[in-house]
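target-v1.pdb (PDB, C-alpha atoms)
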```
ATOM      1  CA  MET A   1     179.335 175.834 -11.297
ATOM      2  CA  THR A   2     179.986 178.209  -8.422
ATOM      3  CA  ASP A   3     178.157 181.381  -7.419
ATOM      4  CA  ALA A   4     180.966 183.359  -9.075
ATOM      5  CA  ASP A   5     180.430 181.543 -12.401
ATOM      6  CA  TRP A   6     176.708 182.224 -12.641
ATOM      7  CA  PRO A   7     176.707 185.800 -14.005
ATOM      8  CA  ALA A   8     178.835 184.710 -16.969
ATOM      9  CA  VAL A   9     176.634 181.652 -17.530
ATOM     10  CA  PHE A  10     173.468 183.712 -17.259
ATOM     11  CA  ALA A  11     174.721 186.093 -19.963
ATOM     12  CA  PHE A  12     174.942 183.367 -22.632
ATOM     13  CA  TRP A  13     172.040 181.369 -21.138
ATOM     14  CA  HIS A  14     169.781 184.386 -21.578
ATOM     15  CA  GLU A  15     171.094 185.165 -25.051
ATOM     16  CA  THR A  16     170.650 181.544 -26.146
ATOM     17  CA  VAL A  17     167.127 181.141 -24.771
ATOM     18  CA  GLU A  18     165.938 184.487 -26.162
ATOM     19  CA  ALA A  19     167.439 183.689 -29.580
ATOM     20  CA  GLY A  20     164.748 180.992 -29.746
ATOM     21  CA  GLU A  21     166.531 178.277 -31.700
ATOM     22  CA  SER A  22     167.495 175.586 -29.225
ATOM     23  CA  TYR A  23     165.726 175.501 -25.842
ATOM     24  CA  ALA A  24     162.151 175.644 -24.549
ATOM     25  CA  PHE A  25     162.944 177.379 -21.269
ATOM     26  CA  PRO A  26     160.620 180.174 -20.122
ATOM     27  CA  LEU A  27     161.276 183.429 -21.957
ATOM     28  CA  GLY A  28     162.202 186.722 -20.330
ATOM     29  CA  LEU A  29     163.585 185.289 -17.088
ATOM     30  CA  GLY A  30     165.792 187.311 -14.761
ATOM     31  CA  SER A  31     169.010 185.961 -13.318
ATOM     32  CA  ASP A  32     167.578 184.336 -10.168
ATOM     33  CA  GLU A  33     164.680 182.666 -11.954
ATOM     34  CA  ALA A  34     166.951 181.394 -14.715
ATOM     35  CA  ARG A  35     169.349 179.911 -12.183
ATOM     36  CA  GLY A  36     166.472 177.849 -10.788
ATOM     37  CA  TRP A  37     166.162 176.214 -14.234
ATOM     38  CA  TRP A  38     169.896 175.560 -14.617
ATOM     39  CA  ASP A  39     171.340 174.787 -11.193
ATOM     40  CA  GLU A  40     171.048 171.053 -10.582
ATOM     41  CA  ARG A  41     171.304 169.740  -7.038
ATOM     42  CA  PRO A  42     172.609 166.292  -6.094
ATOM     43  CA  PRO A  43     172.205 163.664  -7.402
ATOM     44  CA  GLY A  44     172.533 165.948 -10.433
ATOM     45  CA  ALA A  45     175.246 168.520 -11.124
ATOM     46  CA  THR A  46     175.887 171.703 -13.103
ATOM     47  CA  VAL A  47     179.381 172.352 -14.473
ATOM     48  CA  VAL A  48     181.180 175.026 -16.460
ATOM     49  CA  LEU A  49     184.006 174.805 -18.967
ATOM     50  CA  GLU A  50     186.473 177.551 -18.160
ATOM     51  CA  GLU A  51     189.613 178.582 -20.038
ATOM     52  CA  ASP A  52     191.973 181.319 -18.794
ATOM     53  CA  GLY A  53     189.343 182.409 -16.305
ATOM     54  CA  VAL A  54     186.628 182.787 -18.942
ATOM     55  CA  VAL A  55     183.487 180.636 -18.801
ATOM     56  CA  LEU A  56     182.924 179.266 -22.319
ATOM     57  CA  GLY A  57     180.025 176.926 -21.682
ATOM     58  CA  SER A  58     177.963 175.068 -19.125
ATOM     59  CA  ALA A  59     176.115 171.776 -18.794
ATOM     60  CA  LYS A  60     173.636 170.360 -16.316
ATOM     61  CA  MET A  61     172.968 166.693 -15.775
ATOM     62  CA  GLY A  62     171.092 164.268 -13.550
ATOM     63  CA  PRO A  63     168.297 161.682 -13.528
ATOM     64  CA  ASN A  64     165.748 162.173 -16.305
ATOM     65  CA  ARG A  65     162.909 160.918 -14.108
ATOM     66  CA  PRO A  66     162.534 160.083 -10.428
ATOM     67  CA  GLY A  67     161.603 156.704  -8.991
ATOM     68  CA  ARG A  68     161.472 153.857 -11.495
ATOM     69  CA  GLY A  69     163.013 155.984 -14.243
ATOM     70  CA  SER A  70     166.042 157.261 -12.339
ATOM     71  CA  HIS A  71     168.516 154.833 -13.950
ATOM     72  CA  VAL A  72     168.373 156.982 -17.102
ATOM     73  CA  GLY A  73     170.101 160.362 -17.029
ATOM     74  CA  THR A  74     169.652 163.527 -19.022
ATOM     75  CA  ALA A  75     171.576 166.739 -19.667
ATOM     76  CA  SER A  76     171.393 170.203 -21.219
ATOM     77  CA  PHE A  77     174.160 172.325 -22.706
ATOM     78  CA  MET A  78     174.846 175.987 -23.394
ATOM     79  CA  VAL A  79     177.887 177.400 -25.198
ATOM     80  CA  ALA A  80     178.757 181.103 -25.193
ATOM     81  CA  PRO A  81     178.137 182.469 -28.712
ATOM     82  CA  ALA A  82     181.651 183.954 -28.756
ATOM     83  CA  ALA A  83     183.116 180.490 -28.067
ATOM     84  CA  ARG A  84     181.296 178.535 -30.772
ATOM     85  CA  GLY A  85     183.269 176.355 -33.146
ATOM     86  CA  ARG A  86     185.995 175.628 -30.594
ATOM     87  CA  GLY A  87     184.858 172.221 -29.418
ATOM     88  CA  VAL A  88     183.279 173.486 -26.195
ATOM     89  CA  GLY A  89     180.056 171.542 -26.764
ATOM     90  CA  ARG A  90     182.004 168.388 -27.537
ATOM     91  CA  ARG A  91     184.150 168.665 -24.405
ATOM     92  CA  LEU A  92     181.055 169.272 -22.276
ATOM     93  CA  GLY A  93     179.292 166.354 -23.976
ATOM     94  CA  GLU A  94     182.209 164.015 -23.350
ATOM     95  CA  HIS A  95     182.280 165.091 -19.709
ATOM     96  CA  VAL A  96     178.553 164.428 -19.371
ATOM     97  CA  VAL A  97     178.859 160.926 -20.848
ATOM     98  CA  ARG A  98     181.787 160.141 -18.546
ATOM     99  CA  TRP A  99     179.872 161.507 -15.533
ATOM    100  CA  HIS A 100     176.876 159.278 -16.263
ATOM    101  CA  ARG A 101     179.102 156.218 -16.633
ATOM    102  CA  GLU A 102     180.858 156.950 -13.342
ATOM    103  CA  GLN A 103     177.534 157.457 -11.560
ATOM    104  CA  GLY A 104     176.288 154.109 -12.862
ATOM    105  CA  TYR A 105     173.506 155.288 -15.146
ATOM    106  CA  ALA A 106     172.265 152.761 -17.711
ATOM    107  CA  ALA A 107     171.640 155.322 -20.442
ATOM    108  CA  ILE A 108     171.319 159.017 -21.279
ATOM    109  CA  GLN A 109     168.185 160.480 -22.838
ATOM    110  CA  PHE A 110     167.865 163.914 -24.395
ATOM    111  CA  ASN A 111     164.183 164.809 -24.405
ATOM    112  CA  ALA A 112     164.075 167.729 -26.789
ATOM    113  CA  VAL A 113     166.853 168.327 -29.321
ATOM    114  CA  VAL A 114     165.621 170.884 -31.860
ATOM    115  CA  GLU A 115     165.893 169.228 -35.276
ATOM    116  CA  THR A 116     167.068 172.424 -36.976
ATOM    117  CA  ASN A 117     169.913 172.731 -34.438
ATOM    118  CA  THR A 118     172.007 170.611 -36.774
ATOM    119  CA  ALA A 119     175.322 171.283 -35.041
ATOM    120  CA  ALA A 120     173.921 169.783 -31.835
ATOM    121  CA  VAL A 121     172.292 166.822 -33.583
ATOM    122  CA  ARG A 122     175.557 166.068 -35.416
ATOM    123  CA  LEU A 123     177.577 166.345 -32.193
ATOM    124  CA  TRP A 124     175.330 163.998 -30.230
ATOM    125  CA  ARG A 125     175.327 161.479 -33.091
ATOM    126  CA  SER A 126     179.128 161.585 -33.129
ATOM    127  CA  LEU A 127     179.099 160.707 -29.421
ATOM    128  CA  GLY A 128     176.910 157.678 -30.175
ATOM    129  CA  PHE A 129     173.424 159.053 -29.508
ATOM    130  CA  GLU A 130     170.600 157.879 -31.755
ATOM    131  CA  VAL A 131     167.279 159.534 -32.536
ATOM    132  CA  VAL A 132     164.572 157.392 -30.914
ATOM    133  CA  GLY A 133     161.796 159.509 -32.377
ATOM    134  CA  THR A 134     160.889 163.047 -33.390
ATOM    135  CA  VAL A 135     157.883 164.898 -31.995
ATOM    136  CA  PRO A 136     156.583 166.907 -34.963
ATOM    137  CA  GLU A 137     156.228 170.692 -34.757
ATOM    138  CA  ALA A 138     156.893 170.701 -31.004
ATOM    139  CA  PHE A 139     159.335 173.657 -30.952
ATOM    140  CA  ASP A 140     158.493 177.148 -32.170
ATOM    141  CA  SER A 141     161.818 178.164 -33.709
ATOM    142  CA  ALA A 142     162.310 181.903 -34.140
ATOM    143  CA  ALA A 143     163.814 181.390 -37.606
ATOM    144  CA  HIS A 144     162.051 178.262 -38.878
ATOM    145  CA  GLY A 145     158.622 178.220 -37.233
ATOM    146  CA  ARG A 146     157.354 174.946 -35.779
ATOM    147  CA  VAL A 147     159.983 172.240 -36.071
ATOM    148  CA  GLY A 148     160.441 168.793 -34.575
ATOM    149  CA  LEU A 149     162.050 167.842 -31.275
ATOM    150  CA  HIS A 150     164.245 164.746 -31.345
ATOM    151  CA  VAL A 151     164.310 162.327 -28.452
ATOM    152  CA  MET A 152     167.908 161.065 -28.470
ATOM    153  CA  HIS A 153     169.364 158.127 -26.547
ATOM    154  CA  LEU A 154     172.737 156.633 -25.687
ATOM    155  CA  ARG A 155     173.009 153.249 -24.034
ATOM    156  CA  LEU A 156     175.961 153.075 -21.633
ATOM    157  CA  GLU A 157     177.502 149.635 -21.850
ATOM    158  CA  ARG A 158     179.013 148.478 -18.613
TER     159      ARG A 158
ATOM    160  CA  MET B   1     140.240 168.653  -7.959
ATOM    161  CA  THR B   2     139.367 170.286  -4.655
ATOM    162  CA  ASP B   3     141.041 169.986  -1.261
ATOM    163  CA  ALA B   4     138.265 167.580  -0.270
ATOM    164  CA  ASP B   5     139.030 165.290  -3.234
ATOM    165  CA  TRP B   6     142.735 164.916  -2.542
ATOM    166  CA  PRO B   7     142.676 162.222   0.199
ATOM    167  CA  ALA B   8     140.752 159.893  -2.116
ATOM    168  CA  VAL B   9     143.064 160.690  -5.038
ATOM    169  CA  PHE B  10     146.150 160.205  -2.880
ATOM    170  CA  ALA B  11     144.937 156.730  -1.842
ATOM    171  CA  PHE B  12     144.944 155.386  -5.422
ATOM    172  CA  TRP B  13     147.831 157.648  -6.526
ATOM    173  CA  HIS B  14     150.005 156.088  -3.811
ATOM    174  CA  GLU B  15     148.837 152.559  -4.566
ATOM    175  CA  THR B  16     149.449 153.046  -8.304
ATOM    176  CA  VAL B  17     152.917 154.579  -7.940
ATOM    177  CA  GLU B  18     154.058 151.994  -5.389
ATOM    178  CA  ALA B  19     152.755 149.142  -7.564
ATOM    179  CA  GLY B  20     155.527 150.168  -9.973
ATOM    180  CA  GLU B  21     153.949 149.418 -13.320
ATOM    181  CA  SER B  22     152.948 152.736 -14.822
ATOM    182  CA  TYR B  23     154.553 155.928 -13.461
ATOM    183  CA  ALA B  24     158.045 157.160 -12.636
ATOM    184  CA  PHE B  25     157.046 159.436  -9.761
ATOM    185  CA  PRO B  26     159.213 159.428  -6.648
ATOM    186  CA  LEU B  27     158.552 156.413  -4.432
ATOM    187  CA  GLY B  28     157.449 156.543  -0.807
ATOM    188  CA  LEU B  29     155.953 160.049  -0.888
ATOM    189  CA  GLY B  30     153.580 161.282   1.802
ATOM    190  CA  SER B  31     150.332 163.035   0.981
ATOM    191  CA  ASP B  32     151.656 166.624   0.843
ATOM    192  CA  GLU B  33     154.691 165.760  -1.276
ATOM    193  CA  ALA B  34     152.591 163.683  -3.653
ATOM    194  CA  ARG B  35     150.124 166.518  -4.115
ATOM    195  CA  GLY B  36     152.996 168.710  -5.286
ATOM    196  CA  TRP B  37     153.521 166.237  -8.134
ATOM    197  CA  TRP B  38     149.839 166.025  -9.090
ATOM    198  CA  ASP B  39     148.255 169.427  -8.481
ATOM    199  CA  GLU B  40     148.633 171.512 -11.656
ATOM    200  CA  ARG B  41     148.274 175.271 -11.431
ATOM    201  CA  PRO B  42     147.033 177.509 -14.270
ATOM    202  CA  PRO B  43     147.563 177.373 -17.181
ATOM    203  CA  GLY B  44     147.311 173.669 -16.330
ATOM    204  CA  ALA B  45     144.545 171.903 -14.388
ATOM    205  CA  THR B  46     143.902 168.788 -12.298
ATOM    206  CA  VAL B  47     140.456 167.170 -12.422
ATOM    207  CA  VAL B  48     138.672 164.203 -10.863
ATOM    208  CA  LEU B  49     135.987 161.913 -12.214
ATOM    209  CA  GLU B  50     133.398 161.438  -9.466
ATOM    210  CA  GLU B  51     130.323 159.216  -9.439
ATOM    211  CA  ASP B  52     127.815 159.174  -6.550
ATOM    212  CA  GLY B  53     130.285 161.092  -4.411
ATOM    213  CA  VAL B  54     133.117 158.605  -5.022
ATOM    214  CA  VAL B  55     136.324 159.709  -6.777
ATOM    215  CA  LEU B  56     137.085 157.075  -9.423
ATOM    216  CA  GLY B  57     140.019 158.695 -11.174
ATOM    217  CA  SER B  58     142.009 161.861 -11.747
ATOM    218  CA  ALA B  59     143.943 163.545 -14.541
ATOM    219  CA  LYS B  60     146.342 166.451 -14.715
ATOM    220  CA  MET B  61     147.104 168.458 -17.823
ATOM    221  CA  GLY B  62     148.949 171.539 -19.046
ATOM    222  CA  PRO B  63     151.816 172.685 -21.266
ATOM    223  CA  ASN B  64     154.475 170.016 -21.820
ATOM    224  CA  ARG B  65     157.243 172.626 -21.951
ATOM    225  CA  PRO B  66     157.473 176.331 -21.212
ATOM    226  CA  GLY B  67     158.434 179.046 -23.685
ATOM    227  CA  ARG B  68     158.781 177.911 -27.274
ATOM    228  CA  GLY B  69     157.306 174.490 -26.499
ATOM    229  CA  SER B  70     154.148 175.623 -24.718
ATOM    230  CA  HIS B  71     151.833 175.057 -27.704
ATOM    231  CA  VAL B  72     152.059 171.311 -27.003
ATOM    232  CA  GLY B  73     150.219 169.959 -23.977
ATOM    233  CA  THR B  74     150.675 166.864 -21.856
ATOM    234  CA  ALA B  75     148.673 164.934 -19.276
ATOM    235  CA  SER B  76     148.822 162.128 -16.723
ATOM    236  CA  PHE B  77     146.069 159.821 -15.506
ATOM    237  CA  MET B  78     145.281 157.678 -12.470
ATOM    238  CA  VAL B  79     142.301 155.371 -12.049
ATOM    239  CA  ALA B  80     141.316 153.841  -8.704
ATOM    240  CA  PRO B  81     142.068 150.103  -8.840
ATOM    241  CA  ALA B  82     138.513 149.343  -7.663
ATOM    242  CA  ALA B  83     137.126 151.329 -10.617
ATOM    243  CA  ARG B  84     139.124 149.695 -13.418
ATOM    244  CA  GLY B  85     137.327 148.325 -16.457
ATOM    245  CA  ARG B  86     134.512 150.876 -16.222
ATOM    246  CA  GLY B  87     135.695 153.376 -18.814
ATOM    247  CA  VAL B  88     137.083 155.858 -16.285
ATOM    248  CA  GLY B  89     140.394 156.231 -18.126
ATOM    249  CA  ARG B  90     138.595 156.726 -21.432
ATOM    250  CA  ARG B  91     136.304 159.406 -20.034
ATOM    251  CA  LEU B  92     139.259 161.218 -18.466
ATOM    252  CA  GLY B  93     141.199 160.904 -21.730
ATOM    253  CA  GLU B  94     138.316 162.326 -23.762
ATOM    254  CA  HIS B  95     138.050 165.213 -21.314
ATOM    255  CA  VAL B  96     141.769 165.913 -21.600
ATOM    256  CA  VAL B  97     141.650 165.969 -25.413
ATOM    257  CA  ARG B  98     138.641 168.288 -25.350
ATOM    258  CA  TRP B  99     140.353 170.563 -22.798
ATOM    259  CA  HIS B 100     143.453 170.889 -24.987
ATOM    260  CA  ARG B 101     141.336 171.714 -28.043
ATOM    261  CA  GLU B 102     139.414 174.360 -26.124
ATOM    262  CA  GLN B 103     142.639 175.888 -24.785
ATOM    263  CA  GLY B 104     144.031 176.109 -28.324
ATOM    264  CA  TYR B 105     146.902 173.619 -28.025
ATOM    265  CA  ALA B 106     148.327 172.342 -31.308
ATOM    266  CA  ALA B 107     149.010 168.819 -30.031
ATOM    267  CA  ILE B 108     149.255 166.573 -26.975
ATOM    268  CA  GLN B 109     152.410 164.663 -26.112
ATOM    269  CA  PHE B 110     152.695 161.865 -23.574
ATOM    270  CA  ASN B 111     156.343 161.616 -22.592
ATOM    271  CA  ALA B 112     156.480 158.256 -20.862
ATOM    272  CA  VAL B 113     153.804 155.615 -21.480
ATOM    273  CA  VAL B 114     155.085 152.298 -20.100
ATOM    274  CA  GLU B 115     155.021 149.831 -23.006
ATOM    275  CA  THR B 116     153.823 146.944 -20.823
ATOM    276  CA  ASN B 117     150.860 149.045 -19.652
ATOM    277  CA  THR B 118     148.946 147.700 -22.633
ATOM    278  CA  ALA B 119     145.527 148.916 -21.487
ATOM    279  CA  ALA B 120     146.821 152.494 -21.501
ATOM    280  CA  VAL B 121     148.624 152.152 -24.833
ATOM    281  CA  ARG B 122     145.488 150.667 -26.417
ATOM    282  CA  LEU B 123     143.291 153.428 -24.960
ATOM    283  CA  TRP B 124     145.529 156.254 -26.219
ATOM    284  CA  ARG B 125     145.747 154.656 -29.659
ATOM    285  CA  SER B 126     141.942 154.451 -29.770
ATOM    286  CA  LEU B 127     141.824 158.207 -29.078
ATOM    287  CA  GLY B 128     144.143 158.797 -32.046
ATOM    288  CA  PHE B 129     147.545 158.969 -30.344
ATOM    289  CA  GLU B 130     150.508 157.470 -32.189
ATOM    290  CA  VAL B 131     153.816 156.198 -30.837
ATOM    291  CA  VAL B 132     156.504 158.629 -32.013
ATOM    292  CA  GLY B 133     159.293 156.530 -30.520
ATOM    293  CA  THR B 134     160.127 154.211 -27.654
ATOM    294  CA  VAL B 135     163.002 154.833 -25.250
ATOM    295  CA  PRO B 136     164.367 151.353 -24.551
ATOM    296  CA  GLU B 137     164.588 150.014 -20.984
ATOM    297  CA  ALA B 138     163.763 153.414 -19.508
ATOM    298  CA  PHE B 139     161.226 152.196 -16.898
ATOM    299  CA  ASP B 140     162.020 149.702 -14.149
ATOM    300  CA  SER B 141     158.733 147.789 -14.006
ATOM    301  CA  ALA B 142     158.144 145.869 -10.775
ATOM    302  CA  ALA B 143     156.837 142.866 -12.714
ATOM    303  CA  HIS B 144     158.761 143.005 -16.000
ATOM    304  CA  GLY B 145     162.098 144.639 -15.214
ATOM    305  CA  ARG B 146     163.389 147.331 -17.551
ATOM    306  CA  VAL B 147     160.868 148.064 -20.280
ATOM    307  CA  GLY B 148     160.448 150.813 -22.856
ATOM    308  CA  LEU B 149     158.713 154.163 -22.472
ATOM    309  CA  HIS B 150     156.627 155.279 -25.436
ATOM    310  CA  VAL B 151     156.492 158.910 -26.495
ATOM    311  CA  MET B 152     152.932 159.285 -27.817
ATOM    312  CA  HIS B 153     151.492 162.182 -29.800
ATOM    313  CA  LEU B 154     148.123 163.466 -30.987
ATOM    314  CA  ARG B 155     147.877 166.349 -33.446
ATOM    315  CA  LEU B 156     144.838 168.497 -32.760
ATOM    316  CA  GLU B 157     143.392 169.616 -36.067
ATOM    317  CA  ARG B 158     141.752 173.007 -35.888
TER     318      ARG B 158
END
```
The structure in this file should be written as structure tokens.
Amino acid sequence: MTDADWPAVFAFWHETVEAGESYAFPLGLGSDEARGWWDERPPGATVVLEEDGVVLGSAKMGPNRPGRGSHVGTASFMVAPAARGRGVGRRLGEHVVRWHREQGYAAIQFNAVVETNTAAVRLWRSLGFEVVGTVPEAFDSAAHGRVGLHVMHLRLER
Amino acid sequence: MTDADWPAVFAFWHETVEAGESYAFPLGLGSDEARGWWDERPPGATVVLEEDGVVLGSAKMGPNRPGRGSHVGTASFMVAPAARGRGVGRRLGEHVVRWHREQGYAAIQFNAVVETNTAAVRLWRSLGFEVVGTVPEAFDSAAHGRVGLHVMHLRLER
């Protein structure tokens, strides 16, 4: 993700976070503050999926924990509402899995997949992720009230 | 935790992290960097347990996630090696549960309890926490190699 990409990413980042169905980022953030939550520095990375000069989605990735947990990666994804249903999330997900393999991670862990975000849960399962556990009522969904957050995990065989 | 407490906390914080059996904080941190990982600002807090002017342990606590996840709290604990076996962890744990109740949290979530840290797992279970799931091989224990990290959870009835 370059500086030039950020305004387009921020537009759907903001819309997605404020919609209140998928991510527990702080609410009401401006562009600069939001970028601090999305821009990953090395050893992590933030990417966009662009088609015909239009940014359709973005993903960030990197170690889930420092120190003695840094062999496990994590990632987050945002897809522009106008681009949903076109495989953008899947292409970003496949990129993220490939990136972790190339970087030598042992596994990928998603810490907080909203259980009512069924499209995401289905996508991650189709990429091989399994639900390790579900923290009950840990996300305050705008539409559904308090719902569970899945911890999902993919072992990367070497 | 005051400025005057920090040098004592840093001594056992550093020893505990470098021992490599319980926390995935960055390794090799100096005092100022380490404090950045331990000092919680409002709405969170960092406390010490002191007896006869000696700091025996410390805990930090606060929301586990921002935004739509901020009704669930989290905490971390360190006990001075010289003070182990004297109920310091239990007293800190009881304080943390009480603090979350008083602040109106709906639950407490521990994100990464090392499964081979059996004293901690036993203590949290005795306070009512349950293992929601275990992320396999997610912690590189100095003594045991890659071991699981428990996600533990306590619902706070109102």
Can you move chain A onto chain B by a least-squares fit over all C-alpha atoms paired in order, then give me the moved copy as a short mmCIF file (atom, residue, chain, number, x, y, z; two decimals) with C-alpha atoms, keeping the file's coordinate frame?
```
data_model
loop_
_atom_site.label_atom_id
_atom_site.label_comp_id
_atom_site.auth_asym_id
_atom_site.auth_seq_id
_atom_site.Cartn_x
_atom_site.Cartn_y
_atom_site.Cartn_z
CA MET A 1 140.24 168.66 -7.96
CA THR A 2 139.38 170.30 -4.66
CA ASP A 3 141.06 170.00 -1.27
CA ALA A 4 138.27 167.60 -0.27
CA ASP A 5 139.02 165.31 -3.24
CA TRP A 6 142.73 164.93 -2.53
CA PRO A 7 142.69 162.24 0.19
CA ALA A 8 140.74 159.90 -2.10
CA VAL A 9 143.06 160.69 -5.02
CA PHE A 10 146.14 160.21 -2.87
CA ALA A 11 144.95 156.73 -1.85
CA PHE A 12 144.94 155.39 -5.42
CA TRP A 13 147.83 157.65 -6.51
CA HIS A 14 150.01 156.10 -3.82
CA GLU A 15 148.84 152.57 -4.57
CA THR A 16 149.45 153.05 -8.30
CA VAL A 17 152.91 154.58 -7.94
CA GLU A 18 154.06 151.99 -5.39
CA ALA A 19 152.76 149.14 -7.56
CA GLY A 20 155.53 150.17 -9.97
CA GLU A 21 153.93 149.42 -13.32
CA SER A 22 152.94 152.74 -14.83
CA TYR A 23 154.54 155.92 -13.46
CA ALA A 24 158.04 157.16 -12.64
CA PHE A 25 157.04 159.43 -9.77
CA PRO A 26 159.22 159.43 -6.64
CA LEU A 27 158.55 156.41 -4.44
CA GLY A 28 157.44 156.54 -0.82
CA LEU A 29 155.95 160.04 -0.89
CA GLY A 30 153.57 161.28 1.79
CA SER A 31 150.33 163.04 0.98
CA ASP A 32 151.66 166.63 0.83
CA GLU A 33 154.69 165.76 -1.28
CA ALA A 34 152.60 163.68 -3.66
CA ARG A 35 150.13 166.51 -4.11
CA GLY A 36 153.00 168.71 -5.30
CA TRP A 37 153.52 166.23 -8.16
CA TRP A 38 149.83 166.03 -9.09
CA ASP A 39 148.25 169.43 -8.49
CA GLU A 40 148.63 171.50 -11.65
CA ARG A 41 148.24 175.26 -11.43
CA PRO A 42 147.00 177.48 -14.27
CA PRO A 43 147.55 177.36 -17.18
CA GLY A 44 147.30 173.65 -16.33
CA ALA A 45 144.54 171.90 -14.38
CA THR A 46 143.90 168.78 -12.30
CA VAL A 47 140.46 167.16 -12.42
CA VAL A 48 138.67 164.20 -10.86
CA LEU A 49 135.98 161.91 -12.21
CA GLU A 50 133.39 161.46 -9.49
CA GLU A 51 130.32 159.23 -9.46
CA ASP A 52 127.82 159.19 -6.57
CA GLY A 53 130.29 161.11 -4.44
CA VAL A 54 133.11 158.63 -5.03
CA VAL A 55 136.31 159.72 -6.79
CA LEU A 56 137.08 157.08 -9.43
CA GLY A 57 140.02 158.70 -11.17
CA SER A 58 142.01 161.85 -11.74
CA ALA A 59 143.95 163.54 -14.53
CA LYS A 60 146.35 166.46 -14.71
CA MET A 61 147.10 168.45 -17.81
CA GLY A 62 148.94 171.53 -19.05
CA PRO A 63 151.81 172.68 -21.27
CA ASN A 64 154.47 170.02 -21.81
CA ARG A 65 157.24 172.63 -21.94
CA PRO A 66 157.47 176.34 -21.21
CA GLY A 67 158.43 179.05 -23.67
CA ARG A 68 158.77 177.92 -27.28
CA GLY A 69 157.30 174.50 -26.51
CA SER A 70 154.14 175.62 -24.72
CA HIS A 71 151.83 175.05 -27.71
CA VAL A 72 152.05 171.31 -27.01
CA GLY A 73 150.22 169.96 -23.97
CA THR A 74 150.67 166.87 -21.86
CA ALA A 75 148.68 164.92 -19.27
CA SER A 76 148.83 162.11 -16.72
CA PHE A 77 146.07 159.81 -15.51
CA MET A 78 145.30 157.68 -12.47
CA VAL A 79 142.31 155.36 -12.05
CA ALA A 80 141.33 153.84 -8.71
CA PRO A 81 142.07 150.09 -8.84
CA ALA A 82 138.52 149.34 -7.67
CA ALA A 83 137.13 151.32 -10.63
CA ARG A 84 139.14 149.70 -13.42
CA GLY A 85 137.35 148.35 -16.46
CA ARG A 86 134.53 150.89 -16.23
CA GLY A 87 135.72 153.37 -18.82
CA VAL A 88 137.10 155.86 -16.29
CA GLY A 89 140.40 156.23 -18.14
CA ARG A 90 138.59 156.73 -21.43
CA ARG A 91 136.29 159.42 -20.02
CA LEU A 92 139.26 161.21 -18.46
CA GLY A 93 141.19 160.89 -21.73
CA GLU A 94 138.32 162.32 -23.75
CA HIS A 95 138.04 165.21 -21.31
CA VAL A 96 141.77 165.91 -21.60
CA VAL A 97 141.64 165.96 -25.41
CA ARG A 98 138.63 168.29 -25.34
CA TRP A 99 140.36 170.55 -22.79
CA HIS A 100 143.45 170.88 -24.98
CA ARG A 101 141.34 171.71 -28.03
CA GLU A 102 139.41 174.37 -26.12
CA GLN A 103 142.63 175.89 -24.78
CA GLY A 104 144.04 176.10 -28.31
CA TYR A 105 146.89 173.62 -28.01
CA ALA A 106 148.33 172.33 -31.30
CA ALA A 107 149.01 168.82 -30.02
CA ILE A 108 149.25 166.58 -26.97
CA GLN A 109 152.41 164.66 -26.11
CA PHE A 110 152.70 161.86 -23.58
CA ASN A 111 156.35 161.60 -22.59
CA ALA A 112 156.48 158.25 -20.87
CA VAL A 113 153.81 155.60 -21.48
CA VAL A 114 155.08 152.29 -20.10
CA GLU A 115 155.03 149.83 -23.00
CA THR A 116 153.83 146.94 -20.82
CA ASN A 117 150.86 149.05 -19.65
CA THR A 118 148.95 147.70 -22.63
CA ALA A 119 145.54 148.91 -21.48
CA ALA A 120 146.83 152.49 -21.49
CA VAL A 121 148.63 152.14 -24.83
CA ARG A 122 145.48 150.67 -26.41
CA LEU A 123 143.30 153.44 -24.96
CA TRP A 124 145.52 156.25 -26.21
CA ARG A 125 145.74 154.66 -29.66
CA SER A 126 141.95 154.46 -29.76
CA LEU A 127 141.82 158.20 -29.07
CA GLY A 128 144.14 158.81 -32.04
CA PHE A 129 147.55 158.97 -30.34
CA GLU A 130 150.51 157.48 -32.19
CA VAL A 131 153.81 156.20 -30.83
CA VAL A 132 156.50 158.64 -32.00
CA GLY A 133 159.28 156.53 -30.52
CA THR A 134 160.12 154.20 -27.65
CA VAL A 135 163.00 154.83 -25.26
CA PRO A 136 164.38 151.34 -24.55
CA GLU A 137 164.60 150.01 -20.99
CA ALA A 138 163.76 153.42 -19.50
CA PHE A 139 161.23 152.20 -16.90
CA ASP A 140 162.02 149.70 -14.15
CA SER A 141 158.74 147.78 -14.00
CA ALA A 142 158.15 145.86 -10.78
CA ALA A 143 156.83 142.85 -12.72
CA HIS A 144 158.75 143.00 -16.01
CA GLY A 145 162.10 144.63 -15.22
CA ARG A 146 163.40 147.33 -17.57
CA VAL A 147 160.87 148.07 -20.28
CA GLY A 148 160.45 150.81 -22.85
CA LEU A 149 158.71 154.16 -22.47
CA HIS A 150 156.62 155.28 -25.44
CA VAL A 151 156.49 158.90 -26.49
CA MET A 152 152.94 159.28 -27.82
CA HIS A 153 151.49 162.18 -29.81
CA LEU A 154 148.12 163.46 -30.99
CA ARG A 155 147.88 166.33 -33.43
CA LEU A 156 144.82 168.51 -32.76
CA GLU A 157 143.40 169.65 -36.07
CA ARG A 158 141.77 173.03 -35.90
#
```
Problem set entry | Contact residues around segment 98-106 of chain A with only C-alpha atoms at 9 Å, ignoring same-chain residues under 6 positions, as a ChimeraX atom specification | /A:61-63,70-74,154-158 /B:137-138
Box in all listed atoms of segment 82-86 of chain A, axis-aligned, with 8 Å more on each side; write out centre and edge lengths in Å to one decimal as AutoDock Vina command-line options.
```
--center_x 183.6 --center_y 179.8 --center_z -30.6 --size_x 20.7 --size_y 24.3 --size_z 21.1
```
